[in-house]
Amino acid sequence: LRDDDAIVIDIGLEFVSDLDVKIRALRIPVGIKAFSFRGTITACLRPSAPKPPFFGGMEIYFINAPELDIDFTGAADIADWQVLKGTIHDTIIKGISGAMVVPARMTVDLIADDAVTETDLRCPEPVGVLRFVLLAGKDLRADDVGFDFKKSSDPFVKVDIGQDHWESKVVHGTVCPKWTSGNVADFVVYDREQFVNIRVYDRDQMSSDDLLGEALRVPLSHFGTGSAFRQASVALTYGGGGAGRPPPPP
């Protein structure tokens with residue numbers, strides 16, 4: 001997207017609002033007292049044209065999904081409340097991502113009689129493909145207690161890039177997992193400024209999966225550029241502290 005034939009403008013957005021909203025969902029009283037929205041929206045003018053306005057079209061999009069915080073109140077049952085909070089948050093983010101996160105975008109055809117069409121603007125060519133191969137983790141948080149009273153976890157990994165999401169297989173009963181199958185994913189990249197979000201969870205059979213740690217907003221450049229394969233590591237955090245580390249390189 002950021003080629004020599006385009007003018008790209010990045011605009012930081014931050015919206016914070018105090019609310020007093022009360023609804024009832026699934027028989028659970030739900031209140032919203034604050035709402036905040038943060039992200040960077042991009043305006044891209046291209047291709048160049050010999051006459052005013054000197055560009056054939058304008059595209060408006062988010063390179064990375066924006067951040068959304070909602071301060072809820074009023075739940076009686078904590079278990080149901082956590083599920084409901086996640087459902088509301090995820091539904092809003094999915095709606096925004098489906099409409100405005102690359103490759104989706106809003107478009108304006110600025111010169112009606114040129115060769116550039118709405119289809120050209122709405123369907124950009126990708127800049128490449130990131131092949132993600134999950135290998136191992138080390139010293140993850142232990143979130144389960146077995147019948148022998150030993151603490152461990154059943155970790156699996158979720159990776160998000162733009163609108164693409166991938167989930168690994170579960171490795172049972174370890175805080176130092178190794179993946180040998182179900183560990184490869186290909187992500188189409190539409191902008192070199194896209195981030196990679198990595199979250200590690202503990203699989204729970206009787207309740208929702210627990211977050212063990214995360215590495216958010218990791219630049220694509222961390223995983224290398226070009227066609228050469230590069231083994232990269234990321235450190236996980238949880239609650240402001242460390243939550244695991246990658247194994248040493250072979």
# chains A, B, ... in the order shown; residues from 1 in each chain; ligands from 1

call {"tool": "select_by_dssp", "arguments": {"residues": "segment 81-215 of chain A", "states": "strand (DSSP E)", "output": "ChimeraX atom specification"}}
result
/A:106-109,128-133,144-145,151-152,155-161,164-167,184-189,195-202,210-215

call {"tool": "residues_around", "arguments": {"residues": "segment 168-174 of chain A", "least_positions_apart": "2", "cutoff": "12 Å", "atoms": "only C-alpha atoms", "output": "PyMOL selection string"}}
result
chain A and resi 132-147+150-160+165-166+176-185+198-205+209

call {"tool": "closest_residue", "arguments": {"among": "A:Ile96, A:Leu216, A:Val189, A:Val108", "to": "Phe37 of chain A", "atoms": "only C-alpha atoms"}}
result
A:Ile96

call {"tool": "closest_residue", "arguments": {"among": "A:Glu167, A:Glu59, A:Asp191, A:Asp90", "to": "Thr119 of chain A", "atoms": "only C-alpha atoms"}}
result
A:Glu59

call {"tool": "closest_residue", "arguments": {"among": "A:Ala65, A:Asp114, A:Gly241, A:Asp210", "to": "Pro52 of chain A", "atoms": "only C-alpha atoms"}}
result
A:Asp114

call {"tool": "residues_around", "arguments": {"residues": "Leu68 of chain A", "least_positions_apart": "5", "cutoff": "8 Å", "atoms": "only C-alpha atoms", "output": "list in words"}}
result
Phe35, Ser36, Phe37, Arg38, His89 and Ile93 of chain A

call {"tool": "write_last_selection", "arguments": {"atoms": "N, CA and C atoms", "output": "short mmCIF file (atom, residue, chain, number, x, y, z; two decimals), in the first residue's frame"}}
result
data_model
loop_
_atom_site.label_atom_id
_atom_site.label_comp_id
_atom_site.auth_asym_id
_atom_site.auth_seq_id
_atom_site.Cartn_x
_atom_site.Cartn_y
_atom_site.Cartn_z
N PHE A 35 -16.75 4.49 27.76
CA PHE A 35 -16.44 3.89 26.45
C PHE A 35 -15.24 4.63 25.87
N SER A 36 -14.23 3.88 25.42
CA SER A 36 -13.08 4.52 24.79
C SER A 36 -12.68 3.74 23.54
N PHE A 37 -12.19 4.47 22.56
CA PHE A 37 -11.86 3.90 21.25
C PHE A 37 -10.56 4.56 20.79
N ARG A 38 -9.55 3.73 20.46
CA ARG A 38 -8.25 4.24 20.02
C ARG A 38 -7.77 3.47 18.80
N HIS A 89 -17.82 -6.99 23.44
CA HIS A 89 -16.58 -6.41 22.93
C HIS A 89 -16.22 -7.01 21.58
N ILE A 93 -15.88 -5.16 17.78
CA ILE A 93 -14.60 -5.19 17.06
C ILE A 93 -14.75 -5.91 15.72
#

call {"tool": "select_by_dssp", "arguments": {"residues": "segment 57-247 of chain A", "states": "alpha helix (DSSP H)", "output": "number ranges by chain"}}
result
A: 78-100, 118-122

call {"tool": "closest_residue", "arguments": {"among": "A:Thr73, A:Val102, A:Ser97, A:Asp109", "to": "Phe54 of chain A", "atoms": "only C-alpha atoms"}}
result
A:Asp109

call {"tool": "closest_residue", "arguments": {"among": "A:Thr42, A:Thr225, A:Thr91, A:Ser48", "to": "Met106 of chain A", "atoms": "only C-alpha atoms"}}
result
A:Thr42

call {"tool": "residues_around", "arguments": {"residues": "Ala43 of chain A", "least_positions_apart": "2", "cutoff": "9 Å", "atoms": "only C-alpha atoms", "output": "list in words"}}
result
Ile7, Val8, Ile9, Asp10, Ile11, Ile41, Leu45, Met58, Glu59, Ile60, Tyr61 and Phe62 of chain A

call {"tool": "closest_residue", "arguments": {"among": "A:Val21, A:Tyr238, A:Gly31, A:Gly98", "to": "Leu212 of chain A", "atoms": "only C-alpha atoms"}}
result
A:Tyr238
